[in-house]
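Asker: So here's final-v5.json, just JSON, C-alpha atoms:
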[["chain", "number", "residue", "atom", "x", "y", "z"],
["Z", 1, "MET", "CA", 73.66, 88.11, 75.70],
["Z", 2, "ASN", "CA", 69.86, 88.14, 76.06],
["Z", 3, "ASP", "CA", 68.83, 87.25, 72.55],
["Z", 4, "GLU", "CA", 65.22, 87.07, 71.52],
["Z", 5, "PRO", "CA", 63.87, 83.56, 72.11],
["Z", 6, "ASN", "CA", 63.61, 81.37, 69.06],
["Z", 7, "PRO", "CA", 60.45, 79.33, 68.33],
["Z", 8, "PHE", "CA", 61.80, 76.31, 70.16],
["Z", 9, "GLU", "CA", 62.49, 78.34, 73.30],
["Z", 10, "ARG", "CA", 59.06, 79.94, 73.06],
["Z", 11, "ARG", "CA", 57.48, 76.52, 72.71],
["Z", 12, "LEU", "CA", 59.25, 75.28, 75.83],
["Z", 13, "SER", "CA", 58.50, 78.34, 77.88],
["Z", 14, "ARG", "CA", 54.79, 78.02, 77.10],
["Z", 15, "GLN", "CA", 54.59, 74.66, 78.89],
["Z", 16, "PRO", "CA", 52.63, 75.31, 82.09],
["Z", 17, "LEU", "CA", 54.26, 74.31, 85.34],
["Z", 18, "ARG", "CA", 52.59, 72.22, 87.99],
["Z", 19, "PRO", "CA", 50.78, 74.40, 90.56],
["Z", 20, "VAL", "CA", 51.56, 74.33, 94.27],
["Z", 21, "PRO", "CA", 49.21, 72.04, 96.17],
["Z", 22, "GLY", "CA", 46.73, 74.31, 97.90],
["Z", 23, "ASP", "CA", 46.82, 72.55, 101.25],
["Z", 24, "TRP", "CA", 50.51, 73.30, 101.72],
["Z", 25, "ARG", "CA", 49.95, 76.96, 102.46],
["Z", 26, "ALA", "CA", 48.36, 76.54, 105.88],
["Z", 27, "ASP", "CA", 50.91, 74.02, 107.08],
["Z", 28, "ILE", "CA", 53.97, 75.88, 105.84],
["Z", 29, "LEU", "CA", 52.77, 79.22, 107.18],
["Z", 30, "ALA", "CA", 51.88, 77.62, 110.51],
["Z", 31, "ALA", "CA", 55.38, 76.19, 110.77],
["Z", 32, "ALA", "CA", 56.90, 79.53, 109.82],
["Z", 33, "ARG", "CA", 54.80, 81.46, 112.32],
["Z", 34, "ALA", "CA", 55.67, 78.98, 115.03],
["Z", 35, "ALA", "CA", 59.32, 79.69, 114.29],
["Z", 36, "GLN", "CA", 58.78, 83.42, 114.63],
["Z", 37, "THR", "CA", 59.48, 84.73, 118.12],
["Z", 38, "PRO", "CA", 56.44, 86.34, 119.75],
["Z", 39, "ALA", "CA", 58.16, 89.71, 120.11],
["Z", 40, "ARG", "CA", 58.83, 89.86, 116.39],
["Z", 41, "VAL", "CA", 55.35, 89.13, 115.16],
["Z", 42, "GLY", "CA", 53.43, 92.15, 113.99],
["Z", 43, "ARG", "CA", 55.66, 94.84, 115.50],
["Z", 44, "PRO", "CA", 55.59, 98.15, 113.68],
["Z", 45, "ALA", "CA", 58.74, 99.16, 111.87],
["Z", 46, "PRO", "CA", 60.87, 101.52, 113.99],
["Z", 47, "GLN", "CA", 61.61, 104.88, 112.45],
["Z", 48, "SER", "CA", 64.07, 106.57, 114.78],
["Z", 49, "TRP", "CA", 67.69, 105.62, 115.31],
["Z", 50, "PHE", "CA", 66.95, 104.99, 118.98],
["Z", 51, "ALA", "CA", 64.31, 102.45, 118.06],
["Z", 52, "THR", "CA", 66.72, 100.84, 115.63],
["Z", 53, "VAL", "CA", 69.41, 100.58, 118.31],
["Z", 54, "CYS", "CA", 66.90, 99.13, 120.76],
["Z", 55, "GLN", "CA", 65.79, 96.67, 118.12],
["Z", 56, "GLN", "CA", 69.32, 95.53, 117.39],
["Z", 57, "LEU", "CA", 70.11, 95.25, 121.09],
["Z", 58, "SER", "CA", 66.97, 93.22, 121.58],
["Z", 59, "ALA", "CA", 67.91, 90.97, 118.68],
["Z", 60, "PHE", "CA", 71.36, 90.50, 120.19],
["Z", 61, "LEU", "CA", 70.04, 89.67, 123.66],
["Z", 62, "TRP", "CA", 67.02, 87.77, 122.53],
["Z", 63, "PRO", "CA", 68.42, 84.26, 122.07],
["Z", 64, "HIS", "CA", 68.93, 83.82, 125.87],
["Z", 65, "PRO", "CA", 67.07, 86.57, 127.74],
["Z", 66, "LYS", "CA", 67.01, 84.64, 131.03],
["Z", 67, "ALA", "CA", 70.77, 84.13, 130.90],
["Z", 68, "TRP", "CA", 71.37, 87.85, 130.34],
["Z", 69, "ALA", "CA", 68.92, 88.76, 133.12],
["Z", 70, "GLY", "CA", 70.67, 86.33, 135.46],
["Z", 71, "LEU", "CA", 74.04, 87.81, 134.63],
["Z", 72, "ALA", "CA", 72.72, 91.31, 135.29],
["Z", 73, "ALA", "CA", 71.33, 90.17, 138.66],
["Z", 74, "VAL", "CA", 74.69, 88.70, 139.63],
["Z", 75, "TRP", "CA", 76.41, 91.98, 138.82],
["Z", 76, "VAL", "CA", 73.89, 93.96, 140.86],
["Z", 77, "PHE", "CA", 74.43, 91.57, 143.78],
["Z", 78, "ILE", "CA", 78.21, 91.99, 143.54],
["Z", 79, "LEU", "CA", 77.83, 95.77, 143.45],
["Z", 80, "VAL", "CA", 75.58, 95.82, 146.51],
["Z", 81, "LEU", "CA", 77.93, 93.49, 148.36],
["Z", 82, "ASN", "CA", 80.89, 95.70, 147.50],
["Z", 83, "ILE", "CA", 79.15, 98.83, 148.78],
["Z", 84, "SER", "CA", 78.10, 97.12, 151.99],
["Z", 85, "ILE", "CA", 81.68, 95.98, 152.65],
["Z", 86, "ARG", "CA", 82.93, 99.54, 152.34],
["Z", 87, "ASP", "CA", 80.79, 100.62, 155.29],
["Z", 88, "ASP", "CA", 82.32, 101.41, 158.69],
["Z", 89, "SER", "CA", 81.19, 98.11, 160.10],
["Z", 90, "VAL", "CA", 84.46, 96.60, 158.96],
["Z", 91, "PRO", "CA", 87.51, 98.56, 160.14],
["Z", 92, "ARG", "CA", 90.11, 99.23, 157.54],
["Z", 93, "PRO", "CA", 93.58, 97.85, 158.23],
["Z", 94, "VAL", "CA", 95.79, 100.46, 159.89],
["Z", 95, "ALA", "CA", 99.56, 100.40, 159.82],
["Z", 96, "LYS", "CA", 100.95, 99.35, 163.16],
["Z", 97, "ALA", "CA", 102.70, 102.10, 165.13],
["Z", 98, "VAL", "CA", 106.39, 101.59, 165.66],
["Z", 99, "PRO", "CA", 107.20, 101.46, 169.33],
["Z", 100, "SER", "CA", 109.40, 104.42, 170.17],
["Z", 101, "SER", "CA", 110.29, 104.01, 173.82],
["Z", 102, "PRO", "CA", 113.67, 105.47, 175.00],
["Z", 103, "GLU", "CA", 115.05, 102.02, 175.79],
["Z", 104, "VAL", "CA", 114.51, 100.87, 172.27],
["Z", 105, "ILE", "CA", 116.08, 104.00, 170.83],
["Z", 106, "VAL", "CA", 119.17, 103.50, 173.01],
["Z", 107, "GLU", "CA", 119.39, 99.91, 171.97],
["Z", 108, "LEU", "CA", 119.18, 100.84, 168.31],
["Z", 109, "ARG", "CA", 121.91, 103.42, 168.63],
["Z", 110, "GLN", "CA", 124.15, 100.90, 170.35],
["Z", 111, "GLN", "CA", 123.61, 98.46, 167.57],
["Z", 112, "GLN", "CA", 124.43, 101.11, 164.97],
["Z", 113, "LYS", "CA", 127.63, 102.01, 166.81],
["Z", 114, "LEU", "CA", 128.67, 98.40, 167.10],
["Z", 115, "PHE", "CA", 128.00, 97.84, 163.45],
["Z", 116, "ALA", "CA", 130.03, 100.91, 162.51],
["Z", 117, "GLU", "CA", 132.99, 99.66, 164.55],
["Z", 118, "LEU", "CA", 132.82, 96.26, 162.96],
["Z", 119, "VAL", "CA", 132.79, 97.70, 159.50],
["Z", 120, "GLY", "CA", 135.42, 100.25, 160.36],
["Z", 121, "SER", "CA", 133.60, 103.12, 158.91],
["Z", 122, "SER", "CA", 134.64, 105.53, 161.66],
["Z", 123, "GLU", "CA", 137.73, 106.51, 159.64],
["Z", 124, "PRO", "CA", 137.19, 108.23, 156.32],
["Z", 125, "ARG", "CA", 137.99, 106.20, 153.23],
["Z", 126, "ASP", "CA", 140.82, 107.15, 150.87],
["Z", 127, "ALA", "CA", 138.40, 108.28, 148.29],
["Z", 128, "ASP", "CA", 136.73, 110.53, 150.78],
["Z", 129, "ARG", "CA", 139.94, 112.09, 152.06],
["Z", 130, "HIS", "CA", 140.79, 115.63, 150.89],
["Z", 131, "LYS", "CA", 143.93, 115.76, 148.76],
["Z", 132, "THR", "CA", 146.63, 118.00, 150.26],
["Z", 133, "TYR", "CA", 148.74, 120.23, 148.05],
["Z", 134, "GLN", "CA", 152.51, 119.56, 148.43],
["Z", 135, "GLY", "CA", 153.65, 123.10, 147.46],
["Z", 136, "HIS", "CA", 156.36, 121.91, 145.04],
["Z", 137, "PRO", "CA", 156.72, 119.42, 142.19],
["Z", 138, "ARG", "CA", 157.44, 115.80, 143.01],
["Z", 139, "THR", "CA", 160.75, 115.84, 141.09],
["Z", 140, "GLU", "CA", 162.16, 118.52, 143.42],
["Z", 141, "TRP", "CA", 161.19, 116.52, 146.39],
["Z", 142, "VAL", "CA", 163.01, 113.49, 145.02],
["Z", 143, "GLU", "CA", 166.20, 115.47, 144.41],
["Z", 144, "VAL", "CA", 166.27, 116.89, 147.95],
["Z", 145, "SER", "CA", 165.82, 113.52, 149.45],
["Z", 146, "MET", "CA", 168.75, 112.08, 147.45],
["Z", 147, "VAL", "CA", 171.07, 114.84, 148.60],
["R", 1, "MET", "CA", 66.28, 94.40, 109.81],
["R", 2, "PRO", "CA", 62.82, 93.99, 108.38],
["R", 3, "VAL", "CA", 60.63, 93.94, 111.44],
["R", 4, "GLY", "CA", 57.19, 92.40, 111.36],
["R", 5, "LEU", "CA", 58.03, 90.23, 108.39],
["R", 6, "ASP", "CA", 54.84, 89.38, 106.54],
["R", 7, "ILE", "CA", 55.52, 85.75, 105.87],
["R", 8, "ALA", "CA", 52.12, 85.22, 104.25],
["R", 9, "ARG", "CA", 52.83, 87.92, 101.67],
["R", 10, "LEU", "CA", 56.19, 86.35, 100.90],
["R", 11, "TYR", "CA", 54.56, 82.99, 100.49],
["R", 12, "ASP", "CA", 51.77, 84.22, 98.23],
["R", 13, "GLU", "CA", 54.10, 86.22, 96.01],
["R", 14, "HIS", "CA", 56.90, 83.73, 95.59],
["R", 15, "VAL", "CA", 55.80, 80.22, 96.39],
["R", 16, "GLN", "CA", 54.74, 79.21, 92.88],
["R", 17, "PRO", "CA", 58.07, 79.92, 91.15],
["R", 18, "LEU", "CA", 59.96, 78.50, 94.10],
["R", 19, "PHE", "CA", 57.84, 75.36, 94.01],
["R", 20, "ALA", "CA", 58.40, 74.85, 90.27],
["R", 21, "PHE", "CA", 62.12, 75.52, 90.62],
["R", 22, "LEU", "CA", 62.54, 73.10, 93.51],
["R", 23, "LEU", "CA", 60.36, 70.46, 91.90],
["R", 24, "ASN", "CA", 62.46, 70.66, 88.75],
["R", 25, "LEU", "CA", 65.56, 70.18, 90.88],
["R", 26, "THR", "CA", 64.38, 67.45, 93.24],
["R", 27, "ARG", "CA", 61.66, 65.80, 91.16],
["R", 28, "ASP", "CA", 60.13, 64.79, 94.44],
["R", 29, "GLU", "CA", 57.03, 66.42, 95.89],
["R", 30, "ALA", "CA", 57.82, 65.55, 99.50],
["R", 31, "ASP", "CA", 61.35, 66.91, 99.20],
["R", 32, "THR", "CA", 60.00, 70.06, 97.55],
["R", 33, "ARG", "CA", 57.55, 70.57, 100.38],
["R", 34, "ASP", "CA", 60.25, 70.05, 102.99],
["R", 35, "LEU", "CA", 62.52, 72.53, 101.25],
["R", 36, "LEU", "CA", 59.77, 75.14, 100.92],
["R", 37, "GLN", "CA", 58.95, 74.80, 104.59],
["R", 38, "GLU", "CA", 62.64, 75.02, 105.48],
["R", 39, "ILE", "CA", 62.96, 78.24, 103.48],
["R", 40, "PHE", "CA", 59.94, 79.98, 104.99],
["R", 41, "VAL", "CA", 60.80, 78.84, 108.51],
["R", 42, "LYS", "CA", 64.29, 80.18, 108.01],
["R", 43, "LEU", "CA", 62.93, 83.53, 106.83],
["R", 44, "ALA", "CA", 60.53, 83.70, 109.75],
["R", 45, "ARG", "CA", 63.28, 82.88, 112.22],
["R", 46, "GLU", "CA", 65.83, 85.24, 110.68],
["R", 47, "PRO", "CA", 63.97, 88.16, 109.08],
["R", 48, "LYS", "CA", 67.25, 90.06, 108.90],
["R", 49, "LEU", "CA", 68.15, 87.80, 105.96],
["R", 50, "LEU", "CA", 65.97, 90.02, 103.81],
["R", 51, "ALA", "CA", 67.57, 93.23, 105.03],
["R", 52, "GLY", "CA", 68.94, 95.21, 102.11],
["R", 53, "VAL", "CA", 67.72, 92.70, 99.54],
["R", 54, "ARG", "CA", 66.77, 94.49, 96.33],
["R", 55, "GLU", "CA", 65.26, 91.55, 94.47],
["R", 56, "GLU", "CA", 63.30, 89.28, 96.76],
["R", 57, "ARG", "CA", 62.69, 86.75, 94.01],
["R", 58, "ALA", "CA", 66.36, 86.38, 93.13],
["R", 59, "PHE", "CA", 67.27, 86.12, 96.80],
["R", 60, "LEU", "CA", 64.63, 83.46, 97.45],
["R", 61, "ILE", "CA", 65.76, 81.49, 94.42],
["R", 62, "ARG", "CA", 69.29, 81.57, 95.79],
["R", 63, "LEU", "CA", 68.03, 80.31, 99.15],
["R", 64, "ALA", "CA", 66.04, 77.60, 97.40],
["R", 65, "HIS", "CA", 68.97, 76.57, 95.24],
["R", 66, "ASN", "CA", 71.31, 76.34, 98.21],
["R", 67, "ALA", "CA", 68.77, 74.38, 100.22],
["R", 68, "ALA", "CA", 68.20, 71.96, 97.33],
["R", 69, "ILE", "CA", 71.93, 71.46, 96.82],
["R", 70, "ASP", "CA", 72.35, 70.75, 100.53],
["R", 71, "LEU", "CA", 69.52, 68.24, 100.41],
["R", 72, "MET", "CA", 70.97, 66.51, 97.36],
["R", 73, "ARG", "CA", 74.36, 66.27, 99.04],
["R", 74, "ARG", "CA", 72.80, 64.84, 102.17],
["R", 75, "ARG", "CA", 70.95, 62.27, 100.11],
["R", 76, "GLY", "CA", 73.62, 61.76, 97.50],
["R", 77, "THR", "CA", 73.04, 58.11, 96.83],
["R", 78, "ARG", "CA", 69.30, 58.51, 96.58],
["R", 79, "GLU", "CA", 69.62, 61.44, 94.21],
["R", 80, "ARG", "CA", 72.03, 59.58, 91.96],
["R", 81, "THR", "CA", 69.46, 56.84, 91.75],
["R", 82, "LYS", "CA", 66.83, 59.41, 90.85],
["R", 83, "GLU", "CA", 68.99, 60.82, 88.08],
["R", 84, "GLY", "CA", 69.07, 57.41, 86.50],
["R", 85, "PHE", "CA", 65.32, 57.02, 86.61],
["R", 86, "ALA", "CA", 64.28, 60.53, 85.70],
["R", 87, "ALA", "CA", 61.37, 59.21, 83.65],
["R", 88, "GLU", "CA", 59.79, 57.78, 86.79],
["R", 89, "LEU", "CA", 60.09, 60.98, 88.73],
["R", 90, "LEU", "CA", 57.50, 63.66, 89.14],
["R", 91, "SER", "CA", 57.18, 66.00, 86.18],
["R", 92, "PRO", "CA", 57.41, 69.71, 86.96],
["R", 93, "PHE", "CA", 54.77, 70.36, 84.30],
["R", 94, "ALA", "CA", 51.02, 70.43, 84.65],
["R", 95, "PRO", "CA", 49.13, 67.52, 83.13],
["R", 96, "ALA", "CA", 47.93, 68.19, 79.59],
["R", 97, "SER", "CA", 44.50, 67.47, 78.24],
["R", 98, "ASP", "CA", 45.81, 67.09, 74.71],
["R", 99, "PRO", "CA", 47.59, 63.75, 74.23],
["R", 100, "ASP", "CA", 50.27, 65.18, 71.94],
["R", 101, "GLU", "CA", 51.01, 67.93, 74.40],
["R", 102, "GLY", "CA", 51.09, 65.35, 77.15],
["R", 103, "VAL", "CA", 53.69, 63.32, 75.31],
["R", 104, "PHE", "CA", 55.75, 66.41, 74.60],
["R", 105, "ARG", "CA", 55.65, 67.52, 78.24],
["R", 106, "ALA", "CA", 56.53, 64.06, 79.46],
["R", 107, "GLU", "CA", 59.49, 63.90, 77.09],
["R", 108, "LEU", "CA", 60.53, 67.41, 78.05],
["R", 109, "ALA", "CA", 60.41, 66.47, 81.73],
["R", 110, "VAL", "CA", 62.65, 63.48, 81.11],
["R", 111, "ALA", "CA", 65.04, 65.51, 78.97],
["R", 112, "LEU", "CA", 65.25, 68.18, 81.65],
["R", 113, "GLY", "CA", 65.87, 65.53, 84.26],
["R", 114, "ASP", "CA", 68.78, 64.22, 82.24],
["R", 115, "LEU", "CA", 70.48, 67.61, 82.11],
["R", 116, "PRO", "CA", 73.26, 68.23, 84.59],
["R", 117, "GLU", "CA", 71.95, 70.09, 87.60],
["R", 118, "ASP", "CA", 73.81, 73.33, 86.83],
["R", 119, "GLN", "CA", 72.39, 73.47, 83.28],
["R", 120, "ARG", "CA", 68.89, 72.46, 84.38],
["R", 121, "VAL", "CA", 68.77, 75.27, 86.92],
["R", 122, "VAL", "CA", 69.75, 77.92, 84.39],
["R", 123, "VAL", "CA", 67.40, 76.57, 81.73],
["R", 124, "HIS", "CA", 64.54, 76.59, 84.19],
["R", 125, "LEU", "CA", 65.16, 80.13, 85.37],
["R", 126, "LYS", "CA", 65.57, 81.40, 81.82],
["R", 127, "LEU", "CA", 62.64, 79.64, 80.21],
["R", 128, "TRP", "CA", 60.05, 79.48, 82.97],
["R", 129, "GLU", "CA", 60.96, 82.42, 85.16],
["R", 130, "GLY", "CA", 61.98, 84.67, 82.29],
["R", 131, "LEU", "CA", 65.06, 85.90, 84.15],
["R", 132, "THR", "CA", 67.87, 87.58, 82.30],
["R", 133, "PHE", "CA", 71.33, 86.06, 82.43],
["R", 134, "GLU", "CA", 72.36, 88.87, 84.75],
["R", 135, "ALA", "CA", 69.52, 88.04, 87.12],
["R", 136, "ILE", "CA", 70.30, 84.32, 86.93],
["R", 137, "ALA", "CA", 73.95, 85.06, 87.60],
["R", 138, "GLU", "CA", 73.01, 87.13, 90.64],
["R", 139, "ALA", "CA", 70.65, 84.48, 91.97],
["R", 140, "LEU", "CA", 73.09, 81.63, 91.53],
["R", 141, "GLU", "CA", 76.22, 83.66, 92.31],
["R", 142, "ILE", "CA", 77.93, 82.80, 89.05],
["R", 143, "PRO", "CA", 79.26, 85.04, 86.25],
["R", 144, "PRO", "CA", 76.69, 86.02, 83.60],
["R", 145, "ASN", "CA", 78.79, 84.42, 80.86],
["R", 146, "THR", "CA", 78.74, 81.15, 82.76],
["R", 147, "ALA", "CA", 74.96, 81.36, 83.06],
["R", 148, "ALA", "CA", 74.68, 82.03, 79.31],
["R", 149, "SER", "CA", 76.95, 79.16, 78.33],
["R", 150, "ARG", "CA", 75.18, 76.73, 80.63],
["R", 151, "TYR", "CA", 71.91, 77.77, 79.09],
["R", 152, "ARG", "CA", 73.21, 77.24, 75.55],
["R", 153, "TYR", "CA", 74.57, 73.80, 76.38],
["R", 154, "GLY", "CA", 71.36, 72.79, 78.11],
["R", 155, "LEU", "CA", 69.13, 74.12, 75.38],
["R", 156, "ASP", "CA", 71.15, 72.34, 72.68],
["R", 157, "LYS", "CA", 70.72, 69.06, 74.51],
["R", 158, "LEU", "CA", 66.97, 69.63, 74.86],
["R", 159, "ARG", "CA", 66.69, 70.52, 71.18],
["R", 160, "ASP", "CA", 68.54, 67.39, 70.12],
["R", 161, "ARG", "CA", 66.44, 65.26, 72.37],
["R", 162, "LEU", "CA", 63.07, 66.82, 71.49],
["R", 163, "ARG", "CA", 63.63, 67.63, 67.83],
["R", 164, "PRO", "CA", 61.67, 64.70, 66.41],
["R", 165, "LEU", "CA", 58.68, 65.39, 68.65],
["R", 166, "TYR", "CA", 58.94, 69.10, 68.15],
["R", 167, "GLU", "CA", 59.02, 68.84, 64.38],
["R", 168, "GLU", "CA", 56.11, 66.46, 64.43],
["R", 169, "ILE", "CA", 53.96, 68.70, 66.62],
["R", 170, "LYS", "CA", 54.97, 71.75, 64.62],
["R", 171, "GLN", "CA", 53.77, 70.13, 61.41],
["R", 172, "VAL", "CA", 50.45, 69.28, 62.99]]
As a first step, turn the structure in this file into structure tokens.
Answerer:
Amino acid sequence: MNDEPNPFERRLSRQPLRPVPGDWRADILAAARAAQTPARVGRPAPQSWFATVCQQLSAFLWPHPKAWAGLAAVWVFILVLNISIRDDSVPRPVAKAVPSSPEVIVELRQQQKLFAELVGSSEPRDADRHKTYQGHPRTEWVEVSMV
Amino acid sequence: MPVGLDIARLYDEHVQPLFAFLLNLTRDEADTRDLLQEIFVKLAREPKLLAGVREERAFLIRLAHNAAIDLMRRRGTRERTKEGFAAELLSPFAPASDPDEGVFRAELAVALGDLPEDQRVVVHLKLWEGLTFEAIAEALEIPPNTAASRYRYGLDKLRDRLRPLYEEIKQV
């Protein structure tokens, strides 16, 4: 694919290209350095993994450091507030004790009795009744009754 | 991430080929300067762009090519006008002291300007940067065969256009 250049190609490639204007260097480098963040200029290359992690974390947080710091401050404030609320200064809600005076107990029992009478649950249901054994088959019983 | 990016070293090592490449694409010195500044500012702002880059030159040429294409798209109408008046645009070649050489360079600049952009880019990188088709393909993110065919088409057009002058100079 990369053939040797023929005379025509060699002739073209010998044509010198226009040089970069010398005064561009200062301006372009000044613009580039202005775009560099101060923390990135001239820092030595980190060697350890910890330094690499710190570097990447810094690069991640760098675009808005004040915003991240503000967010961290808000979280610290919330944490402190939460701890202060847990102190004994504010009593925890306690379940109210059920009044258990004898009059109330009597009243409750009366209500239960009344309810049981209304429902009719004092007698056992059919399903709850014990089945009694007749002592002989039903057919015998039928015959006796016919006689 | 390359920390402590030495932007001055990058500039000194690569600015000349980038300048010639961009000037051949834009044919406008102001545009070339803007693009160069855009590239170096971008590198300064995002040094991680160079992380893991094996060939700085190829990577920078890719950046330059993409930036030039973006610029041409943004200024589409103006660029189309420039294509039509390539002879009036800035030559990417140095002025020649010899009149015959001057004529040849001027004609070469016009002929290059008349090439389609994709052929002109490959011809430039092959002839004046001495890149292989593999390197050109990597820089422009195209298959090597495509780079080779674009070069052949472009070179044929240049040969047809410059043959009379070339033969004349060769005889002298």
Asker: Within 12 Å of (56.4, 86.9, 105.2) (file coordinates; all atoms listed in the file), which protein or nucleic acid residues are there? I'd like them as JSON, numbers by chain.
Answerer: {"Z": [28, 29, 30, 32, 33, 35, 36, 40, 41, 42], "R": [2, 3, 4, 5, 6, 7, 8, 9, 10, 11, 12, 13, 14, 15, 39, 40, 41, 42, 43, 44, 45, 46, 47, 48, 49, 50, 56, 60]}
Asker: Which residue out of Z:Pro21, Z:Pro65, Z:Pro16, Z:Gly70 has the minimum interatomic distance to chain R when all atoms listed in the file are used?
Answerer: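 Nearest to chain R: Z:Pro16.
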Asker: Which one is closest to chain R: Z:Ala31, Z:Val74, Z:Ala26, Z:Ala59? Count all atoms listed in the file.
Answerer: Z:Ala31
Asker: Mind pulling up the distance from atom CA of R:Arg159 to atom CA of R:Arg73?
Answerer: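 Computed distance, atom CA of R:Arg73 to atom CA of R:Arg159, equals 29.2 Å.
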Asker: So the first atom is atom CA of R:Arg33 and the second is atom CA of R:Gly52; what is the distance between them in Å, to one decimal place?
Answerer: 27.2 Å
Asker: Have a look at Z:Gly120, Z:Pro19, Z:Pro102, Z:Pro7 and name the one nearest to chain R; count all atoms listed in the file.
Answerer: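 Looking at the shortest contact to chain R, the residue is Z:Pro19.
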Asker: Could you list, as a list of chain:residue names, every residue within 7 Å of stretch 96-111 of chain R, counting all atoms listed in the file and ignoring same-chain residues fewer than 2 positions away?
Answerer: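 My reading of the contact set: R:Ala86, R:Ala87, R:Ser91, R:Pro92, R:Phe93, R:Ala94, R:Gly113, R:Asp114, R:Leu115, R:Leu158, R:Arg161, R:Leu165.
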Asker: Could you please determine the separation between atom CA of R:Gly130 and atom CA of Z:Pro5 in Å, to one decimal place?
Answerer: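 One can read the atom CA of R:Gly130 to atom CA of Z:Pro5 distance as 10.4 Å.
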Asker: List every protein, DNA or RNA residue that has at least one atom no more than 8 Å from (73.7, 80.7, 82.2) in the file's coordinates, counting all atoms listed in the file, and write the result as a ChimeraX atom specification.
Answerer: /R:119,122-123,133,136-137,144-152
